[in-house]
>>> print(open('work_29.cif').read())   # mmCIF, C-alpha atoms
data_upload
#
loop_
_atom_site.label_atom_id
_atom_site.label_comp_id
_atom_site.auth_asym_id
_atom_site.auth_seq_id
_atom_site.Cartn_x
_atom_site.Cartn_y
_atom_site.Cartn_z
CA MET A 1 -10.67 6.93 -7.17
CA GLU A 2 -11.77 9.50 -4.59
CA THR A 3 -13.98 6.79 -3.09
CA VAL A 4 -11.03 4.39 -3.05
CA LEU A 5 -8.89 6.93 -1.18
CA ARG A 6 -11.63 7.52 1.39
CA LEU A 7 -12.04 3.77 1.89
CA VAL A 8 -8.29 3.32 2.41
CA VAL A 9 -8.23 6.05 5.07
CA LEU A 10 -11.26 4.52 6.80
CA GLY A 11 -9.82 1.01 6.57
CA ARG A 12 -6.49 2.01 8.08
CA ALA A 13 -8.31 3.75 10.90
CA ALA A 14 -10.35 0.58 11.50
CA ARG A 15 -7.11 -1.45 11.67
CA ASN A 16 -5.70 0.99 14.23
CA GLU A 17 -8.86 0.81 16.33
CA ALA A 18 -8.66 -2.99 16.26
CA ASN A 19 -4.94 -2.79 17.19
CA ILE A 20 -3.84 -4.78 14.13
CA LYS A 21 -0.45 -3.82 12.70
CA ASN A 22 -0.31 -2.75 9.06
CA ARG A 23 2.04 -5.60 8.15
CA GLN A 24 -0.35 -8.19 9.63
CA PRO A 25 -2.53 -9.54 6.78
CA ILE A 26 -6.27 -9.83 7.40
CA LYS A 27 -8.62 -12.24 5.69
CA GLU A 28 -11.12 -9.89 4.03
CA LEU A 29 -12.87 -6.57 4.03
CA PHE A 30 -16.27 -5.35 2.89
CA VAL A 31 -17.26 -1.96 1.51
CA LYS A 32 -20.55 -0.22 1.02
CA CYS A 33 -20.83 2.87 -1.18
CA PRO A 34 -23.33 4.35 -3.66
CA ASP A 35 -21.29 3.61 -6.80
CA LYS A 36 -20.33 0.20 -8.10
CA LEU A 37 -16.56 -0.13 -7.77
CA PRO A 38 -14.70 -1.97 -10.56
CA GLU A 39 -12.92 -5.12 -9.39
CA GLU A 40 -9.49 -3.57 -9.91
CA TYR A 41 -10.43 -0.69 -7.60
CA LEU A 42 -11.54 -3.13 -4.91
CA GLN A 43 -8.18 -4.85 -5.34
CA VAL A 44 -6.39 -1.55 -4.73
CA VAL A 45 -8.32 -1.15 -1.45
CA ALA A 46 -7.44 -4.71 -0.44
CA GLU A 47 -3.74 -4.18 -1.16
CA GLU A 48 -3.59 -0.88 0.70
CA ILE A 49 -5.36 -2.34 3.75
CA ASN A 50 -3.35 -5.60 3.49
CA ALA A 51 -6.42 -7.82 3.11
CA LYS A 52 -6.55 -11.07 1.16
CA ALA A 53 -9.85 -10.13 -0.47
CA ALA A 54 -12.31 -7.23 -0.77
CA TYR A 55 -16.03 -7.34 -1.53
CA GLN A 56 -18.69 -4.73 -2.15
CA LYS A 57 -22.04 -5.32 -0.46
CA ASP A 58 -25.33 -3.47 -0.31
CA ASP A 59 -26.07 -4.67 3.22
CA LEU A 60 -23.52 -4.90 6.02
CA GLY A 61 -26.09 -5.68 8.69
CA GLU A 62 -24.45 -8.98 9.68
CA MET A 63 -21.24 -7.16 10.57
CA ILE A 64 -22.27 -3.75 11.90
CA THR A 65 -25.25 -1.94 13.32
CA TYR A 66 -26.11 1.73 13.71
CA SER A 67 -27.32 3.80 16.63
CA PHE A 68 -28.73 7.32 16.68
CA LYS A 69 -28.79 10.30 19.00
CA PRO A 70 -30.43 13.68 18.38
CA GLN A 71 -28.17 16.54 17.29
CA LEU A 72 -29.07 19.03 20.00
CA LYS A 73 -28.11 22.18 18.10
CA THR A 74 -30.68 21.44 15.37
CA VAL A 75 -33.28 19.27 17.14
CA GLY A 76 -33.44 21.35 20.32
CA PRO A 77 -34.71 24.60 18.76
CA ARG A 78 -37.38 22.72 16.75
CA TYR A 79 -38.69 20.24 19.29
CA GLY A 80 -37.77 21.74 22.66
CA LYS A 81 -39.05 19.60 25.54
CA LEU A 82 -39.49 16.59 23.24
CA VAL A 83 -35.74 16.13 22.89
CA GLY A 84 -35.56 13.68 25.80
CA ALA A 85 -38.41 11.60 24.40
CA ILE A 86 -36.84 11.69 20.92
CA ARG A 87 -33.58 10.40 22.38
CA ALA A 88 -35.45 7.57 24.13
CA GLU A 89 -37.32 6.67 20.93
CA LEU A 90 -34.11 6.59 18.89
CA GLU A 91 -32.59 4.18 21.40
CA LYS A 92 -35.42 1.70 20.71
CA VAL A 93 -35.33 1.64 16.89
CA ASN A 94 -33.82 -1.08 14.70
CA GLY A 95 -30.56 0.64 13.78
CA ASN A 96 -29.95 -1.05 10.43
CA LYS A 97 -33.56 -0.68 9.31
CA LYS A 98 -33.68 3.00 10.24
CA TYR A 99 -30.30 3.68 8.63
CA ALA A 100 -31.58 2.20 5.35
CA GLU A 101 -34.73 4.30 5.68
CA LEU A 102 -32.66 7.42 6.28
CA LYS A 103 -30.56 6.82 3.18
CA LYS A 104 -33.58 6.04 1.02
CA GLU A 105 -35.98 8.74 2.20
CA GLY A 106 -33.50 11.34 3.40
CA LYS A 107 -35.17 11.47 6.83
CA LEU A 108 -36.47 9.44 9.73
CA VAL A 109 -40.10 9.79 10.76
CA LEU A 110 -40.94 9.00 14.38
CA ASP A 111 -44.09 9.07 16.49
CA VAL A 112 -43.02 10.67 19.76
CA ASN A 113 -45.75 11.09 22.39
CA GLY A 114 -48.33 11.29 19.62
CA GLU A 115 -46.43 13.95 17.69
CA LYS A 116 -44.86 13.41 14.26
CA VAL A 117 -41.11 14.06 14.36
CA GLU A 118 -39.00 14.27 11.19
CA LEU A 119 -35.22 14.07 11.45
CA ALA A 120 -32.81 14.61 8.57
CA GLU A 121 -29.25 13.24 8.64
CA ASP A 122 -27.98 16.61 9.91
CA ASP A 123 -30.32 16.21 12.90
CA LEU A 124 -28.67 12.97 13.96
CA LEU A 125 -25.45 11.77 15.54
CA ILE A 126 -24.91 8.38 13.90
CA GLU A 127 -22.61 5.83 15.51
CA THR A 128 -21.38 2.62 13.91
CA LYS A 129 -21.22 -0.35 16.26
CA LYS A 130 -19.18 -3.39 15.32
CA VAL A 131 -20.17 -7.02 15.72
CA ASP A 132 -17.55 -9.24 17.40
CA GLY A 133 -14.90 -10.24 14.88
CA PHE A 134 -15.22 -7.08 12.81
CA ALA A 135 -14.15 -3.43 12.92
CA ALA A 136 -15.92 -0.71 10.95
CA ASN A 137 -15.64 2.91 9.96
CA THR A 138 -18.12 5.20 8.21
CA ASP A 139 -17.82 8.51 6.39
CA GLY A 140 -21.18 9.72 5.12
CA GLU A 141 -22.57 7.10 2.74
CA ILE A 142 -19.28 5.16 2.61
CA THR A 143 -18.59 2.32 5.05
CA ILE A 144 -15.76 -0.19 5.32
CA VAL A 145 -15.73 -3.28 7.54
CA ILE A 146 -12.63 -5.38 8.17
CA GLU A 147 -12.55 -8.89 9.59
CA THR A 148 -10.41 -8.87 12.72
CA THR A 149 -10.27 -12.61 13.43
CA LEU A 150 -6.77 -13.85 12.63
CA THR A 151 -6.19 -17.48 11.67
CA PRO A 152 -2.91 -19.22 12.61
CA GLU A 153 -1.89 -18.98 8.93
CA LEU A 154 -2.47 -15.22 8.86
CA ILE A 155 -0.56 -14.75 12.12
CA GLU A 156 2.36 -16.73 10.70
CA GLU A 157 2.38 -14.54 7.60
CA GLY A 158 2.31 -11.49 9.85
CA TYR A 159 5.50 -12.72 11.55
CA PHE A 160 7.06 -13.32 8.14
CA ARG A 161 6.23 -9.80 6.92
CA GLU A 162 7.58 -8.27 10.14
CA ILE A 163 10.84 -10.20 9.78
CA ILE A 164 11.19 -9.08 6.14
CA SER A 165 10.82 -5.47 7.30
CA LYS A 166 13.49 -5.95 9.99
CA ILE A 167 15.93 -7.55 7.53
CA SER A 168 15.42 -4.68 5.08
CA SER A 169 16.19 -2.21 7.87
CA MET A 170 19.29 -4.19 8.87
CA ARG A 171 20.56 -4.13 5.29
CA LYS A 172 20.35 -0.33 5.32
CA GLU A 173 21.93 -0.03 8.77
CA ALA A 174 24.82 -2.25 7.59
CA GLU A 175 25.17 0.03 4.54
CA PHE A 176 24.72 -2.79 2.05
CA GLU A 177 23.98 -1.87 -1.55
CA VAL A 178 20.46 -2.59 -2.80
CA THR A 179 21.89 -5.20 -5.19
CA ASP A 180 24.10 -6.95 -2.60
CA HIS A 181 23.25 -10.59 -1.96
CA ILE A 182 23.44 -11.70 1.66
CA PHE A 183 23.75 -14.65 4.03
CA ILE A 184 21.37 -14.81 7.00
CA THR A 185 21.95 -16.66 10.27
CA TYR A 186 19.12 -16.80 12.80
CA GLU A 187 18.46 -17.99 16.33
CA GLY A 188 15.07 -17.87 18.03
CA ASN A 189 12.55 -19.90 19.96
CA ASP A 190 10.78 -22.89 18.43
CA LYS A 191 8.06 -20.68 16.90
CA MET A 192 10.49 -18.28 15.23
CA ASN A 193 12.78 -21.05 14.03
CA ALA A 194 9.83 -22.89 12.49
CA ILE A 195 8.72 -19.74 10.64
CA MET A 196 12.24 -19.07 9.34
CA GLU A 197 12.39 -22.65 8.04
CA LYS A 198 8.90 -22.61 6.55
CA TYR A 199 9.43 -19.37 4.64
CA LYS A 200 13.11 -19.82 3.78
CA ASP A 201 12.54 -19.77 0.02
CA SER A 202 10.42 -16.63 0.32
CA PHE A 203 13.09 -14.93 2.43
CA LYS A 204 15.65 -15.68 -0.27
CA ASP A 205 13.47 -14.10 -2.95
CA GLU A 206 12.44 -11.04 -0.93
CA VAL A 207 15.81 -9.91 0.46
CA LEU A 208 18.36 -11.38 -2.00
CA CYS A 209 19.41 -14.05 0.48
CA ASP A 210 21.64 -16.78 -0.99
CA LYS A 211 21.88 -18.80 2.22
CA LEU A 212 19.73 -18.95 5.33
CA SER A 213 20.77 -21.11 8.26
CA MET A 214 20.08 -21.53 11.96
CA GLY A 215 22.96 -20.91 14.37
CA LYS A 216 24.52 -18.57 16.91
CA PRO A 217 26.16 -15.26 15.93
CA ASN A 218 29.84 -15.90 15.12
CA GLY A 219 31.11 -12.33 15.11
CA LYS A 220 30.79 -11.94 11.36
CA GLY A 221 28.33 -9.62 9.68
CA TYR A 222 25.80 -7.34 11.34
CA SER A 223 23.73 -8.85 14.15
CA LYS A 224 20.72 -7.66 16.06
CA GLU A 225 18.28 -9.01 18.66
CA LEU A 226 14.77 -8.20 17.44
CA ASP A 227 11.27 -8.11 18.87
CA ILE A 228 8.98 -9.75 16.30
CA ASN A 229 5.44 -9.13 17.52
CA GLY A 230 6.44 -10.10 21.04
CA GLU A 231 8.80 -12.93 20.05
CA THR A 232 12.61 -12.66 20.26
CA LEU A 233 14.73 -13.42 17.20
CA VAL A 234 18.46 -12.85 16.71
CA LEU A 235 19.45 -12.19 13.10
CA VAL A 236 22.87 -11.86 11.49
CA VAL A 237 23.21 -10.49 7.96
CA GLU A 238 26.47 -10.50 6.02
CA LYS A 239 27.42 -9.98 2.41
CA ALA A 240 27.47 -13.13 0.30
#
>>> encode(input="work_29.cif", output="structure tokens")
Amino acid sequence: METVLRLVVLGRAARNEANIKNRQPIKELFVKCPDKLPEEYLQVVAEEINAKAAYQKDDLGEMITYSFKPQLKTVGPRYGKLVGAIRAELEKVNGNKKYAELKKEGKLVLDVNGEKVELAEDDLLIETKKVDGFAANTDGEITIVIETTLTPELIEEGYFREIISKISSMRKEAEFEVTDHIFITYEGNDKMNAIMEKYKDSFKDEVLCDKLSMGKPNGKGYSKELDINGETLVLVVEKA
């Protein structure tokens, strides 16, 4: 479970770096860690990161690559004037191959100007570089990669989840009881109206809505003009 918690923190950070809101579903994520995670633990990670699926892989080379720089405070005292050449040599290596070597052997062995150089993990600054369409984060031997490409279906669901959140907030602002059933009236552009129509049954289930209809505010209930991921939607909620 400690590994799961670390993965969730890393995954949320990867979402933030990719500028993807937490309520926006993503297609899938991939994790790499020393221990085999039970399927139910992978599912917990997927739910916390809001991904449709999660997979554990031994090799993430198709999605990320690694780069290395010497840690000056440890490499400098040992190798002195060779530090510049070590840096240049590290820039030329195959990042994924050398990262696997580092994890397996506990060190990297380089030939620098005819001299054998051995670098442990503490001697290296390791950076994770993402491949287009993915975002990644690493903490020691644990890595998580999320897919950042959003399909039209995922984007639509993201709008739906954002609207659900706004309706829940409006219920509280209107001081409705948790058990109160409501009517919803909405007015938006073609995109928003289509989403409200497509997900109308889901709206009813999620927010105890007995009736959902398109129309202009009529002075009844509690109304609000909302920004839904850059789209404008006017909602009115009133007790059923």
>>> closest_residue(input="work_29.cif", among="A:Thr149, A:Thr179, A:Gln24, A:Thr65", to="A:Val131", atoms="all atoms listed in the file")
A:Thr65
>>> atom_distance(input="work_29.cif", atom1="atom CA of A:Lys224", atom2="atom CA of A:Val237")
8.9 Å
>>> atom_distance(input="work_29.cif", atom1="atom CA of A:Lys216", atom2="atom CA of A:Glu187")
6.1 Å
>>> residues_near_point(input="work_29.cif", point="(-17.7, -5.9, 14.2)", cutoff="9 Å", atoms="all atoms listed in the file", output="ChimeraX atom specification")
/A:62-65,129-136,145-148
>>> closest_residue(input="work_29.cif", among="A:Ala174, A:Met192, A:Leu212, A:Leu154", to="A:Ile228", atoms="only C-alpha atoms")
A:Met192
>>> resolve_selection(input="work_29.cif", expression="the PyMOL selection byres ((chain A and resi 170) around 10)", output="list in words")
Ile164, Ser165, Lys166, Ile167, Ser168, Ser169, Arg171, Lys172, Glu173, Ala174, Glu175, Phe176, Tyr222, Ser223, Lys224, Leu235, Val236, Val237 and Glu238 of chain A
>>> atom_distance(input="work_29.cif", atom1="atom CA of A:Arg87", atom2="atom CA of A:Lys69")
5.9 Å
>>> residues_around(input="work_29.cif", residues="A:Ser67", least_positions_apart="4", cutoff="6 Å", atoms="only C-alpha atoms", output="list in words")
Gly95, Ile126 and Glu127 of chain A
>>> write_last_selection(input="work_29.cif", atoms="C-alpha atoms", output="short mmCIF file (atom, residue, chain, number, x, y, z; two decimals), in the frame of the given file")
data_model
loop_
_atom_site.label_atom_id
_atom_site.label_comp_id
_atom_site.auth_asym_id
_atom_site.auth_seq_id
_atom_site.Cartn_x
_atom_site.Cartn_y
_atom_site.Cartn_z
CA GLY A 95 -30.56 0.64 13.78
CA ILE A 126 -24.91 8.38 13.90
CA GLU A 127 -22.61 5.83 15.51
#
>>> closest_residue(input="work_29.cif", among="A:Ala85, A:Ala240, A:Cys209, A:Met214", to="A:Glu197", atoms="all atoms listed in the file")
A:Met214
>>> closest_residue(input="work_29.cif", among="A:Leu102, A:Thr74, A:Ile184, A:Val109", to="A:Glu89", atoms="only C-alpha atoms")
A:Val109
